[in-house]
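Asker: You'll find coords22.cif just under this line, and it carries mmCIF, C-alpha atoms.
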data_final
loop_
_atom_site.label_atom_id
_atom_site.label_comp_id
_atom_site.auth_asym_id
_atom_site.auth_seq_id
_atom_site.Cartn_x
_atom_site.Cartn_y
_atom_site.Cartn_z
CA MET A 21 -14.54 -15.30 25.17
CA SER A 22 -16.51 -12.87 22.96
CA GLY A 23 -15.16 -11.51 19.70
CA LEU A 24 -15.41 -7.95 21.09
CA VAL A 25 -13.15 -8.78 24.04
CA ILE A 26 -10.65 -10.53 21.76
CA GLY A 27 -10.67 -7.52 19.42
CA ILE A 28 -10.09 -5.04 22.23
CA GLY A 29 -7.32 -7.23 23.64
CA LEU A 30 -5.70 -7.46 20.21
CA ILE A 31 -5.69 -3.68 19.77
CA ALA A 32 -4.27 -3.30 23.27
CA ALA A 33 -1.50 -5.81 22.48
CA VAL A 34 -0.58 -3.98 19.26
CA LEU A 35 -0.35 -0.63 21.05
CA LEU A 36 1.54 -1.89 24.09
CA VAL A 37 4.01 -4.15 22.28
CA SER A 38 4.81 -1.62 19.56
CA ALA A 39 5.44 1.13 22.14
CA LEU A 40 7.53 -1.00 24.50
CA ALA A 41 9.60 -2.59 21.74
CA SER A 42 10.15 0.54 19.62
CA GLY A 43 13.64 1.28 20.93
CA LEU A 44 14.75 -2.34 20.66
CA ILE A 45 13.42 -2.75 17.11
CA GLU A 46 15.36 0.32 15.92
CA ARG A 47 18.63 -1.39 16.91
CA ALA A 48 17.75 -4.97 15.93
CA PRO A 49 17.65 -6.69 12.50
CA LEU A 50 13.87 -6.93 12.87
CA SER A 51 10.85 -4.89 11.89
CA PHE A 52 7.36 -4.46 13.29
CA PRO A 53 5.76 -6.03 10.18
CA MET A 54 7.81 -9.20 10.80
CA ILE A 55 6.82 -9.32 14.47
CA PHE A 56 3.09 -8.67 14.04
CA LEU A 57 2.68 -10.89 10.98
CA GLY A 58 4.38 -13.64 12.99
CA LEU A 59 2.05 -12.91 15.93
CA GLY A 60 -0.96 -13.30 13.63
CA LEU A 61 0.34 -16.64 12.33
CA LEU A 62 0.82 -17.80 15.91
CA LEU A 63 -2.70 -16.77 16.98
CA GLY A 64 -4.39 -18.08 13.80
CA GLY A 65 -6.34 -21.24 13.14
CA ASN A 66 -3.27 -23.41 12.55
CA GLY A 67 -1.44 -21.88 15.51
CA LEU A 68 -2.95 -21.37 18.96
CA GLY A 69 -6.42 -21.02 17.48
CA VAL A 70 -7.20 -17.73 19.26
CA LEU A 71 -8.16 -15.88 16.05
CA HIS A 72 -10.43 -17.64 13.59
CA LEU A 73 -10.61 -15.30 10.59
CA ASP A 74 -11.06 -15.73 6.87
CA ALA A 75 -10.43 -13.24 4.10
CA HIS A 76 -14.15 -12.29 3.99
CA ASP A 77 -14.34 -11.24 7.64
CA PRO A 78 -15.81 -7.69 8.04
CA LEU A 79 -13.12 -6.84 10.63
CA ILE A 80 -10.22 -7.35 8.24
CA GLU A 81 -12.15 -5.53 5.49
CA THR A 82 -12.66 -2.49 7.75
CA VAL A 83 -9.05 -2.40 8.97
CA ALA A 84 -7.80 -2.85 5.39
CA ILE A 85 -9.93 0.03 4.06
CA VAL A 86 -8.79 2.41 6.82
CA SER A 87 -5.14 1.35 6.48
CA LEU A 88 -4.90 1.62 2.70
CA SER A 89 -6.86 4.90 2.55
CA LEU A 90 -4.59 6.51 5.15
CA VAL A 91 -1.42 5.18 3.51
CA LEU A 92 -2.43 6.44 0.06
CA PHE A 93 -3.54 9.87 1.32
CA LEU A 94 -0.41 10.39 3.42
CA ASP A 95 1.87 9.17 0.61
CA ALA A 96 0.37 11.82 -1.66
CA VAL A 97 0.52 14.56 1.00
CA ASN A 98 4.18 13.77 1.73
CA LEU A 99 5.15 13.66 -1.94
CA GLN A 100 7.94 16.15 -2.60
CA ILE A 101 6.87 17.80 -5.86
CA ASP A 102 10.03 19.93 -6.06
CA GLU A 103 12.25 16.84 -5.76
CA LEU A 104 10.12 15.04 -8.33
CA ARG A 105 10.55 17.90 -10.80
CA SER A 106 14.32 18.01 -10.35
CA ASP A 107 14.98 14.28 -10.21
CA TRP A 108 12.18 12.51 -12.07
CA TYR A 109 14.14 10.25 -14.41
CA VAL A 110 14.90 7.27 -12.15
CA PRO A 111 11.45 7.15 -10.47
CA ALA A 112 9.75 7.48 -13.87
CA LEU A 113 11.72 4.52 -15.22
CA ALA A 114 10.93 2.43 -12.13
CA LEU A 115 7.24 3.36 -12.08
CA GLY A 116 6.63 3.03 -15.84
CA PRO A 117 8.53 0.37 -17.79
CA GLY A 118 9.96 -1.10 -14.57
CA THR A 119 6.50 -1.85 -13.15
CA LEU A 120 5.30 -3.37 -16.44
CA LEU A 121 8.38 -5.62 -16.65
CA ILE A 122 7.85 -6.78 -13.06
CA ILE A 123 4.18 -7.57 -13.72
CA ALA A 124 5.08 -9.55 -16.83
CA GLY A 125 7.91 -11.41 -15.09
CA VAL A 126 5.81 -12.37 -12.06
CA ALA A 127 2.91 -13.41 -14.31
CA LEU A 128 5.17 -15.72 -16.33
CA ALA A 129 6.63 -17.28 -13.17
CA ALA A 130 3.17 -17.74 -11.62
CA ALA A 131 1.78 -19.39 -14.76
CA LEU A 132 4.69 -21.84 -14.90
CA LEU A 133 4.98 -22.62 -11.17
CA ALA A 134 1.53 -22.09 -9.67
CA GLY A 135 -0.73 -23.08 -12.56
CA THR A 136 -2.69 -19.83 -12.62
CA THR A 137 -4.63 -18.70 -15.69
CA PRO A 138 -3.21 -15.85 -17.82
CA LEU A 139 -5.49 -13.21 -16.25
CA GLN A 140 -4.91 -14.55 -12.73
CA SER A 141 -1.16 -14.51 -13.39
CA LEU A 142 -1.28 -10.88 -14.53
CA LEU A 143 -3.34 -9.97 -11.46
CA LEU A 144 -0.79 -11.66 -9.19
CA GLY A 145 1.97 -9.82 -11.06
CA ALA A 146 0.27 -6.47 -10.45
CA ILE A 147 -0.32 -7.31 -6.77
CA LEU A 148 3.34 -8.22 -6.25
CA ALA A 149 4.59 -5.19 -8.21
CA SER A 150 3.46 -2.96 -5.33
CA THR A 151 6.32 -1.41 -3.36
CA ASP A 152 5.47 -1.18 0.32
CA PRO A 153 6.08 2.27 1.88
CA VAL A 154 5.70 0.77 5.37
CA VAL A 155 8.76 -1.46 5.11
CA LEU A 156 10.73 1.14 3.15
CA ARG A 157 10.22 3.76 5.87
CA ASP A 158 13.37 2.79 7.77
CA ILE A 159 15.38 2.76 4.53
CA VAL A 160 14.39 6.24 3.36
CA ARG A 161 15.21 7.64 6.82
CA ASP A 162 18.66 6.02 7.03
CA GLU A 163 21.21 8.74 6.29
CA ARG A 164 23.96 6.16 5.71
CA ILE A 165 22.28 5.43 2.35
CA PRO A 166 22.96 7.97 -0.44
CA ARG A 167 20.26 10.62 -0.68
CA SER A 168 19.63 9.96 -4.39
CA VAL A 169 18.86 6.29 -3.68
CA ARG A 170 16.58 7.14 -0.74
CA ARG A 171 14.79 9.74 -2.84
CA ALA A 172 14.24 7.29 -5.73
CA LEU A 173 12.85 4.63 -3.39
CA GLY A 174 10.74 7.15 -1.49
CA ILE A 175 9.12 8.53 -4.64
CA GLU A 176 8.52 5.02 -5.98
CA ALA A 177 6.93 3.90 -2.71
CA GLY A 178 4.78 7.04 -2.62
CA MET A 179 3.51 6.72 -6.20
CA ASN A 180 3.73 3.00 -6.94
CA ASP A 181 0.26 2.12 -5.71
CA ILE A 182 -1.37 4.75 -7.90
CA VAL A 183 0.19 3.02 -10.93
CA VAL A 184 -0.54 -0.54 -9.78
CA LEU A 185 -4.01 0.00 -8.27
CA PRO A 186 -5.83 0.85 -11.55
CA ILE A 187 -4.21 -2.19 -13.21
CA VAL A 188 -5.38 -4.41 -10.34
CA LEU A 189 -8.92 -3.01 -10.50
CA ILE A 190 -9.15 -3.44 -14.28
CA LEU A 191 -7.90 -7.05 -14.06
CA ILE A 192 -10.42 -7.76 -11.28
CA ALA A 193 -13.18 -6.42 -13.55
CA LEU A 194 -11.98 -8.68 -16.39
CA LEU A 195 -12.02 -11.72 -14.08
CA GLN A 196 -15.55 -10.97 -12.89
CA GLU A 197 -18.69 -11.22 -15.00
CA PRO A 198 -18.27 -9.42 -18.35
CA LEU A 199 -19.21 -5.74 -18.24
CA GLY A 200 -20.79 -5.87 -21.66
CA GLY A 201 -19.88 -3.95 -24.79
CA ALA A 202 -17.50 -1.10 -25.48
CA LEU A 203 -19.82 1.51 -23.94
CA ALA A 204 -19.91 -0.31 -20.60
CA TRP A 205 -16.09 -0.44 -20.54
CA ILE A 206 -15.81 3.25 -21.42
CA ILE A 207 -18.15 4.12 -18.53
CA PHE A 208 -16.23 1.84 -16.14
CA LEU A 209 -12.84 3.31 -17.09
CA ALA A 210 -14.19 6.87 -16.94
CA LYS A 211 -15.49 6.31 -13.41
CA LEU A 212 -12.25 4.64 -12.37
CA LEU A 213 -9.64 6.87 -14.01
CA LEU A 214 -11.43 10.23 -14.30
CA LEU A 215 -14.34 10.51 -11.87
CA SER A 216 -12.57 8.95 -8.86
CA PRO A 217 -9.53 11.26 -9.07
CA ALA A 218 -11.75 14.31 -9.71
CA VAL A 219 -13.96 13.59 -6.71
CA GLY A 220 -10.93 12.89 -4.53
CA MET A 221 -9.25 16.16 -5.50
CA LEU A 222 -12.47 18.07 -4.88
CA VAL A 223 -12.90 16.58 -1.40
CA GLY A 224 -9.20 16.80 -0.46
CA GLY A 225 -8.48 20.27 -1.83
CA GLY A 226 -11.84 21.76 -0.88
CA GLY A 227 -11.82 20.19 2.58
CA ALA A 228 -8.31 21.43 3.38
CA TRP A 229 -9.20 24.95 2.12
CA LEU A 230 -12.36 24.94 4.25
CA MET A 231 -10.37 23.96 7.36
CA GLY A 232 -7.92 26.81 6.73
CA LYS A 233 -10.77 29.33 6.44
CA ALA A 234 -12.52 28.04 9.55
CA ASP A 235 -9.29 28.11 11.53
CA GLU A 236 -8.57 31.66 10.35
CA ARG A 237 -12.07 32.92 11.19
CA TRP A 238 -13.01 31.05 14.38
CA GLY A 239 -9.89 29.15 15.39
CA MET A 240 -9.69 25.37 15.66
CA ARG A 241 -8.08 23.46 18.48
CA ARG A 242 -5.03 21.45 17.50
CA GLY A 243 -6.59 18.10 18.37
CA TYR A 244 -9.70 18.78 16.29
CA ARG A 245 -7.59 19.82 13.30
CA ALA A 246 -5.90 16.43 13.48
CA LEU A 247 -9.28 14.67 13.66
CA TYR A 248 -10.51 16.77 10.73
CA GLY A 249 -7.64 15.43 8.62
CA ILE A 250 -8.60 11.82 9.40
CA GLY A 251 -12.19 12.66 8.50
CA LEU A 252 -10.97 14.14 5.21
CA VAL A 253 -9.28 10.84 4.28
CA LEU A 254 -12.41 8.83 5.02
CA ALA A 255 -14.62 11.39 3.24
CA ALA A 256 -12.50 11.12 0.09
CA TYR A 257 -12.76 7.30 0.18
CA ALA A 258 -16.54 7.41 0.78
CA ALA A 259 -17.06 9.97 -2.01
CA GLY A 260 -15.18 7.78 -4.49
CA GLN A 261 -17.35 4.80 -3.59
CA MET A 262 -20.60 6.78 -3.71
CA VAL A 263 -20.03 7.87 -7.32
CA GLN A 264 -19.42 4.18 -8.18
CA GLY A 265 -15.74 4.84 -8.76
CA ASP A 266 -12.91 3.68 -6.52
CA GLY A 267 -12.49 5.04 -2.99
CA PHE A 268 -8.77 4.27 -2.79
CA LEU A 269 -7.96 6.28 -5.91
CA ALA A 270 -10.11 9.10 -4.53
CA ALA A 271 -8.19 8.97 -1.23
CA TYR A 272 -4.83 9.21 -3.03
CA PHE A 273 -5.92 12.14 -5.19
CA GLY A 274 -7.43 13.82 -2.14
CA GLY A 275 -3.95 13.89 -0.63
CA LEU A 276 -2.42 14.89 -3.96
CA ALA A 277 -4.76 17.90 -4.15
CA VAL A 278 -3.42 19.12 -0.81
CA THR A 279 0.11 18.89 -2.23
CA LEU A 280 -0.55 20.32 -5.71
CA PHE A 281 -2.72 23.23 -4.56
CA ASN A 282 -0.26 23.97 -1.75
CA VAL A 283 -3.08 23.89 0.80
CA SER A 284 -1.63 23.56 4.29
CA LEU A 285 -2.92 20.87 6.61
CA CYS A 286 -2.01 21.08 10.27
CA GLU A 287 1.29 19.41 11.15
CA CYS A 288 -0.66 17.78 13.95
CA PHE A 289 -2.70 15.90 11.32
CA LEU A 290 0.44 14.54 9.71
CA GLU A 291 1.70 13.39 13.12
CA TYR A 292 -1.65 11.99 14.22
CA GLY A 293 -2.32 10.51 10.78
CA GLU A 294 1.04 8.73 10.75
CA VAL A 295 0.38 7.29 14.21
CA THR A 296 -3.16 6.22 13.28
CA ALA A 297 -1.95 4.66 10.04
CA GLU A 298 0.84 2.88 11.92
CA MET A 299 -1.61 1.40 14.42
CA ALA A 300 -4.05 0.34 11.68
CA MET A 301 -1.25 -1.22 9.63
CA LEU A 302 0.20 -3.18 12.55
CA LEU A 303 -3.27 -4.43 13.44
CA ALA A 304 -3.75 -5.38 9.78
CA PHE A 305 -0.51 -7.40 9.86
CA VAL A 306 -1.84 -9.40 12.84
CA LEU A 307 -5.17 -10.03 11.10
CA PHE A 308 -3.51 -10.98 7.81
CA GLY A 309 -1.21 -13.32 9.72
CA ALA A 310 -4.26 -15.06 11.22
CA VAL A 311 -5.86 -15.37 7.77
CA LEU A 312 -2.64 -16.69 6.21
CA SER A 313 -2.33 -19.23 9.02
CA THR A 314 -5.18 -21.18 7.40
CA LEU A 315 -4.66 -20.11 3.78
CA LEU A 316 -1.00 -21.08 3.41
CA VAL A 317 -1.74 -24.80 3.87
CA THR A 318 -3.87 -24.66 0.71
CA VAL A 319 -0.93 -23.98 -1.63
CA PRO A 320 1.83 -26.42 -2.60
CA ILE A 321 4.83 -25.36 -0.54
CA LEU A 322 7.70 -25.93 -3.01
CA PRO A 323 6.14 -24.04 -5.98
CA ALA A 324 5.15 -21.20 -3.62
CA LEU A 325 8.69 -20.93 -2.24
CA ALA A 326 10.18 -21.11 -5.73
CA LEU A 327 7.82 -18.32 -6.86
CA ALA A 328 8.88 -16.20 -3.86
CA VAL A 329 12.58 -16.66 -4.61
CA ILE A 330 12.10 -15.81 -8.30
CA VAL A 331 9.98 -12.72 -7.57
CA ILE A 332 12.33 -11.37 -4.90
CA GLY A 333 15.71 -12.42 -6.25
CA LEU A 334 15.23 -12.29 -10.01
CA VAL A 335 12.17 -10.52 -11.42
CA ARG A 336 12.39 -7.12 -9.73
CA PRO A 337 16.22 -6.85 -9.62
CA LEU A 338 16.55 -7.87 -13.28
CA GLY A 339 13.57 -5.79 -14.43
CA LEU A 340 14.75 -2.60 -12.73
CA GLY A 341 18.36 -3.33 -13.59
CA LEU A 342 17.33 -3.41 -17.24
CA VAL A 343 15.36 -0.14 -17.22
CA LEU A 344 17.90 1.68 -15.03
CA ARG A 345 20.97 0.69 -17.02
CA ARG A 346 21.22 4.17 -18.60
CA ALA A 347 20.58 6.03 -15.35
CA ARG A 348 23.54 7.85 -13.82
CA MET A 349 24.13 5.69 -10.77
CA SER A 350 26.51 3.02 -9.57
CA ASN A 351 25.83 -0.68 -9.97
CA THR A 352 25.54 -0.91 -6.20
CA ALA A 353 22.82 1.76 -6.11
CA ARG A 354 21.02 0.12 -9.03
CA SER A 355 21.09 -3.25 -7.27
CA PHE A 356 19.96 -1.70 -3.98
CA ILE A 357 16.89 -0.11 -5.60
CA GLY A 358 16.11 -3.36 -7.40
CA TRP A 359 16.24 -5.43 -4.21
CA PHE A 360 13.25 -3.81 -2.46
CA GLY A 361 9.86 -5.05 -3.59
CA PRO A 362 6.80 -6.92 -2.29
CA ARG A 363 7.74 -6.78 1.37
CA GLY A 364 4.46 -6.33 3.18
CA LEU A 365 1.07 -4.79 3.59
CA SER A 366 0.37 -3.17 0.21
CA SER A 367 0.47 -6.47 -1.68
CA LEU A 368 -1.74 -8.19 0.92
CA LEU A 369 -4.27 -5.34 0.76
CA LEU A 370 -4.41 -5.53 -3.04
CA ALA A 371 -4.90 -9.30 -2.87
CA LEU A 372 -7.75 -8.73 -0.40
CA LEU A 373 -9.51 -6.51 -2.98
CA ALA A 374 -9.67 -9.48 -5.34
CA VAL A 375 -11.06 -11.73 -2.59
CA GLN A 376 -13.73 -9.20 -1.65
CA ALA A 377 -14.71 -8.81 -5.30
CA GLY A 378 -15.41 -12.55 -5.52
CA VAL A 379 -12.80 -13.25 -8.20
CA ALA A 380 -12.45 -16.97 -8.97
CA GLY A 381 -9.29 -18.34 -7.33
CA ALA A 382 -8.71 -15.10 -5.37
CA GLU A 383 -7.98 -16.89 -2.08
CA TYR A 384 -5.35 -19.01 -3.86
CA LEU A 385 -3.77 -15.81 -5.20
CA MET A 386 -3.85 -14.32 -1.71
CA ALA A 387 -2.13 -17.41 -0.29
CA LEU A 388 0.60 -17.11 -2.95
CA THR A 389 0.96 -13.41 -2.13
CA GLY A 390 1.25 -14.26 1.55
CA ALA A 391 3.98 -16.80 0.82
CA VAL A 392 6.01 -14.22 -1.11
CA VAL A 393 5.52 -11.58 1.60
CA LEU A 394 6.57 -14.00 4.35
CA VAL A 395 9.73 -15.02 2.50
CA SER A 396 10.63 -11.40 1.69
#
Could you take the file, read its structure, and then write that structure out as structure tokens?
Answerer:
Amino acid sequence: MSGLVIGIGLIAAVLLVSALASGLIERAPLSFPMIFLGLGLLLGGNGLGVLHLDAHDPLIETVAIVSLSLVLFLDAVNLQIDELRSDWYVPALALGPGTLLIIAGVALAAALLAGTTPLQSLLLGAILASTDPVVLRDIVRDERIPRSVRRALGIEAGMNDIVVLPIVLILIALLQEPLGGALAWIIFLAKLLLLSPAVGMLVGGGGAWLMGKADERWGMRRGYRALYGIGLVLAAYAAGQMVQGDGFLAAYFGGLAVTLFNVSLCECFLEYGEVTAEMAMLLAFVLFGAVLSTLLVTVPILPALALAVIVIGLVRPLGLGLVLRRARMSNTARSFIGWFGPRGLSSLLLALLAVQAGVAGAEYLMALTGAVVLVS
């Protein structure tokens, strides 16, 4: 059977299964990431052998780029600036010192248990410090959980990648061939931290403004306004890459420009964008499952499981418990916030960036990331 037919069948399975099972999943102690990651493991090389993928496959690269760009853009668009202004203390602690403590804790555990080098350990720490907005979605919508806790987790999930992503990209650069002297590093950091956000804000803010003017003057059909929004996400990513910066940072700041400049995108885009992102993410879980099916056998099982338990049960809860000890919240709320961490797609996508960059030992790091994600 051709790869095209398998790909079409896979997309069809994702759409049909997710739609049919949506009501059941809402009432069951399961989630779509669990189901589709498991499906990928089953179909992978060490399962039924239907999907033979490695981490360098163009298909998984394409799906990963679309998924992460959409997630970052939508996270920024949905960011509640008013809530952030009124209740910034807990998210700031979690995103700042909390993230650094988690990176350091994971790096120490990885060096001791997995035998990674110091830079590889820090990279793995940054990868596993990413809080996944996909898995947290059900939590932040659950009104049984106090609003302050949901708001803190929602803001962290929406902004965590923008803190972790530059750290990951800088560590990847350090693990690749040396850039050269101080001037080369200044240029690299300027493109990464200044040019990419600037280009993203220009594309996002300018593109949304242009759509508003065109809609006001000529009128735009609802469906095309939704498609325009998807095009805006991809344009921001492409612009960031074309200026030799980072497309993912550009995509995030493109969405942030829409929020900061109070430029209105069609509600239909938010609906369509969420659905498109959901489909891309579920497909990505299947593909990552197939990749992990062959990668996981390359890591020693006991150290990988021990690392997963330490990351999930100790590093994040203790790190956030330490930085949130002065926050006005109950111990239960503090523990609840500390419990949620590297649960899914974001960490796998960040690990894939290292593989695609050709970092030495990147596939080993991705296998360790997969082990932690599976356990969590």
Asker: Which residues, written as an MDAnalysis selection string, have at least one atom at most 8 Å from segment 189-194 of chain A, with all atoms listed in the file counted and residues fewer than 2 positions away on the same chain left out?
Answerer: chainID A and resid 139 142:143 185:187 196:199 374 377 379
Asker: Please evaluate the PyMOL selection byres ((chain A and resi 25-39) around 12) against the structure above and give the resulting residues as a ChimeraX atom specification.
Answerer: /A:21-24,40-46,51-57,59-60,63,70-73,79-80,83,295-296,298-307,310
Asker: Would you mind listing what lies within 6 Å of Phe273 of chain A as a VMD selection string, with all atoms listed in the file counted and same-chain residues fewer than 2 positions away left out?
Answerer: chain A and resid 217 220 to 221 270 to 271 275 to 277
Asker: Do a neighbour search on Ala326 of chain A at 12 Å with all atoms listed in the file, toss out local chain neighbours closer than 3 positions, and write the hits as a list in words.
Answerer: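 Surrounding residues, per the criterion: Val126, Ala129, Ala130, Leu132, Leu133, Ala134, Pro320, Ile321, Leu322, Pro323, Val329, Ile330, Val331, Ile332, Gly333, Leu334, Leu388, Ala391, Val392 and Val395 of chain A.
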Asker: Hey, can you spit out that residue selection with C-alpha atoms as a short mmCIF file (atom, residue, chain, number, x, y, z; two decimals), keeping the file's coordinate frame?
Answerer:
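Full text of again_36.cif as output:
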data_model
loop_
_atom_site.label_atom_id
_atom_site.label_comp_id
_atom_site.auth_asym_id
_atom_site.auth_seq_id
_atom_site.Cartn_x
_atom_site.Cartn_y
_atom_site.Cartn_z
CA VAL A 126 5.81 -12.37 -12.06
CA ALA A 129 6.63 -17.28 -13.17
CA ALA A 130 3.17 -17.74 -11.62
CA LEU A 132 4.69 -21.84 -14.90
CA LEU A 133 4.98 -22.62 -11.17
CA ALA A 134 1.53 -22.09 -9.67
CA PRO A 320 1.83 -26.42 -2.60
CA ILE A 321 4.83 -25.36 -0.54
CA LEU A 322 7.70 -25.93 -3.01
CA PRO A 323 6.14 -24.04 -5.98
CA VAL A 329 12.58 -16.66 -4.61
CA ILE A 330 12.10 -15.81 -8.30
CA VAL A 331 9.98 -12.72 -7.57
CA ILE A 332 12.33 -11.37 -4.90
CA GLY A 333 15.71 -12.42 -6.25
CA LEU A 334 15.23 -12.29 -10.01
CA LEU A 388 0.60 -17.11 -2.95
CA ALA A 391 3.98 -16.80 0.82
CA VAL A 392 6.01 -14.22 -1.11
CA VAL A 395 9.73 -15.02 2.50
#
Asker: Excluding Glu294 of chain A and its own-chain neighbours fewer than 6 positions away, which residues fall within 9 Å of it when counting all atoms listed in the file? Please give them as number ranges by chain.
Answerer: A: 90-91, 94
Asker: Go ahead and compute the interatomic distance for atom CA of Met262 of chain A and atom CA of Ser216 of chain A, in Å to one decimal.
Answerer: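 So the answer is 9.8 Å.
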Asker: Mind listing whatever residues come within 7 Å of the point (7.3, 3.5, -5.2)? Use all atoms listed in the file, file coordinates, and give them as a list in words.
Answerer: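 Output of the proximity query reads Leu115, Thr151, Leu173, Gly174, Ile175, Glu176, Ala177, Gly178, Met179 and Asn180 of chain A.
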Asker: With all atoms listed in the file as the atoms that count, which of A:Ala382, A:Ile207, A:Leu62, A:Leu252 lies nearest to Gly265 of chain A?
Answerer: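 Checking each of A:Ala382, A:Ile207, A:Leu62, A:Leu252 against Gly265 of chain A, counting all atoms listed in the file, the winner is A:Ile207.
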Asker: Identify, on the basis of all atoms listed in the file, every residue whose closest approach to segment 226-228 of chain A does not exceed 10 Å; exclude the query and any residue fewer than 3 positions from it along the same chain; express the result as a PyMOL selection string.
Answerer: chain A and resi 220-223+231-234+248-249+251-253+255-256+274-275+277-278+281-286
Asker: Find, counting all atoms listed in the file, the residue in A:Ile206, A:Ala84, A:Ala127, A:Leu92 that gets nearest to Val335 of chain A.
Answerer: A:Ala127
Asker: One decimal, in Å: what's the spacing between atom CA of Pro117 of chain A and atom CA of Ala353 of chain A?
Answerer: 18.5 Å
Asker: Can you tell me how far atom CA of Phe93 of chain A sits from atom CA of Leu280 of chain A, in Å to one decimal?
Answerer: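 Atom CA of Leu280 of chain A lies at a distance of 12.9 Å from atom CA of Phe93 of chain A.
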Asker: Taking into account all atoms listed in the file, which residue in the set A:Leu372, A:Val393, A:Leu215, A:Leu148 is nearest to Asp77 of chain A?
Answerer: A:Leu372
Asker: Choose the residue, out of A:Val188, A:Leu195, A:Leu338, A:Ala75, that has the smallest atom-to-atom separation from Ile357 of chain A; count only C-alpha atoms.
Answerer: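 Looking at the shortest contact to Ile357 of chain A, the residue is A:Leu338.
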Asker: Can you rebuild segment 335-347 of chain A with N, CA, C and O atoms and give it as a PDB file, keeping the file's coordinate frame?
Answerer:
ATOM      1  N   VAL A 335      13.065 -11.333 -10.573  1.00  0.00           N
ATOM      2  CA  VAL A 335      12.170 -10.520 -11.420  1.00  0.00           C
ATOM      3  C   VAL A 335      12.377  -9.032 -11.204  1.00  0.00           C
ATOM      4  O   VAL A 335      12.659  -8.294 -12.155  1.00  0.00           O
ATOM      5  N   ARG A 336      12.227  -8.566  -9.968  1.00  0.00           N
ATOM      6  CA  ARG A 336      12.390  -7.120  -9.730  1.00  0.00           C
ATOM      7  C   ARG A 336      13.822  -6.653  -9.946  1.00  0.00           C
ATOM      8  O   ARG A 336      14.040  -5.648 -10.641  1.00  0.00           O
ATOM      9  N   PRO A 337      14.849  -7.327  -9.381  1.00  0.00           N
ATOM     10  CA  PRO A 337      16.220  -6.850  -9.620  1.00  0.00           C
ATOM     11  C   PRO A 337      16.595  -6.819 -11.105  1.00  0.00           C
ATOM     12  O   PRO A 337      17.194  -5.842 -11.567  1.00  0.00           O
ATOM     13  N   LEU A 338      16.208  -7.855 -11.850  1.00  0.00           N
ATOM     14  CA  LEU A 338      16.550  -7.870 -13.280  1.00  0.00           C
ATOM     15  C   LEU A 338      15.727  -6.852 -14.060  1.00  0.00           C
ATOM     16  O   LEU A 338      16.246  -6.174 -14.956  1.00  0.00           O
ATOM     17  N   GLY A 339      14.431  -6.740 -13.725  1.00  0.00           N
ATOM     18  CA  GLY A 339      13.570  -5.790 -14.430  1.00  0.00           C
ATOM     19  C   GLY A 339      14.031  -4.352 -14.244  1.00  0.00           C
ATOM     20  O   GLY A 339      14.188  -3.596 -15.213  1.00  0.00           O
ATOM     21  N   LEU A 340      14.289  -3.972 -12.988  1.00  0.00           N
ATOM     22  CA  LEU A 340      14.750  -2.600 -12.730  1.00  0.00           C
ATOM     23  C   LEU A 340      16.182  -2.401 -13.184  1.00  0.00           C
ATOM     24  O   LEU A 340      16.551  -1.310 -13.618  1.00  0.00           O
ATOM     25  N   GLY A 341      16.991  -3.446 -13.075  1.00  0.00           N
ATOM     26  CA  GLY A 341      18.360  -3.330 -13.590  1.00  0.00           C
ATOM     27  C   GLY A 341      18.374  -3.039 -15.076  1.00  0.00           C
ATOM     28  O   GLY A 341      19.208  -2.266 -15.566  1.00  0.00           O
ATOM     29  N   LEU A 342      17.413  -3.633 -15.791  1.00  0.00           N
ATOM     30  CA  LEU A 342      17.330  -3.410 -17.240  1.00  0.00           C
ATOM     31  C   LEU A 342      16.900  -1.987 -17.559  1.00  0.00           C
ATOM     32  O   LEU A 342      17.516  -1.313 -18.397  1.00  0.00           O
ATOM     33  N   VAL A 343      15.869  -1.480 -16.888  1.00  0.00           N
ATOM     34  CA  VAL A 343      15.360  -0.140 -17.220  1.00  0.00           C
ATOM     35  C   VAL A 343      16.254   0.973 -16.667  1.00  0.00           C
ATOM     36  O   VAL A 343      16.234   2.100 -17.174  1.00  0.00           O
ATOM     37  N   LEU A 344      17.042   0.655 -15.630  1.00  0.00           N
ATOM     38  CA  LEU A 344      17.900   1.680 -15.030  1.00  0.00           C
ATOM     39  C   LEU A 344      19.333   1.645 -15.548  1.00  0.00           C
ATOM     40  O   LEU A 344      20.202   2.353 -15.027  1.00  0.00           O
ATOM     41  N   ARG A 345      19.584   0.843 -16.569  1.00  0.00           N
ATOM     42  CA  ARG A 345      20.970   0.690 -17.020  1.00  0.00           C
ATOM     43  C   ARG A 345      21.556   1.977 -17.575  1.00  0.00           C
ATOM     44  O   ARG A 345      22.777   2.158 -17.577  1.00  0.00           O
ATOM     45  N   ARG A 346      20.719   2.895 -18.066  1.00  0.00           N
ATOM     46  CA  ARG A 346      21.220   4.170 -18.600  1.00  0.00           C
ATOM     47  C   ARG A 346      21.162   5.292 -17.565  1.00  0.00           C
ATOM     48  O   ARG A 346      21.568   6.415 -17.857  1.00  0.00           O
ATOM     49  N   ALA A 347      20.627   5.002 -16.392  1.00  0.00           N
ATOM     50  CA  ALA A 347      20.580   6.030 -15.350  1.00  0.00           C
ATOM     51  C   ALA A 347      21.969   6.262 -14.777  1.00  0.00           C
ATOM     52  O   ALA A 347      22.786   5.340 -14.697  1.00  0.00           O
TER      53      ALA A 347
END
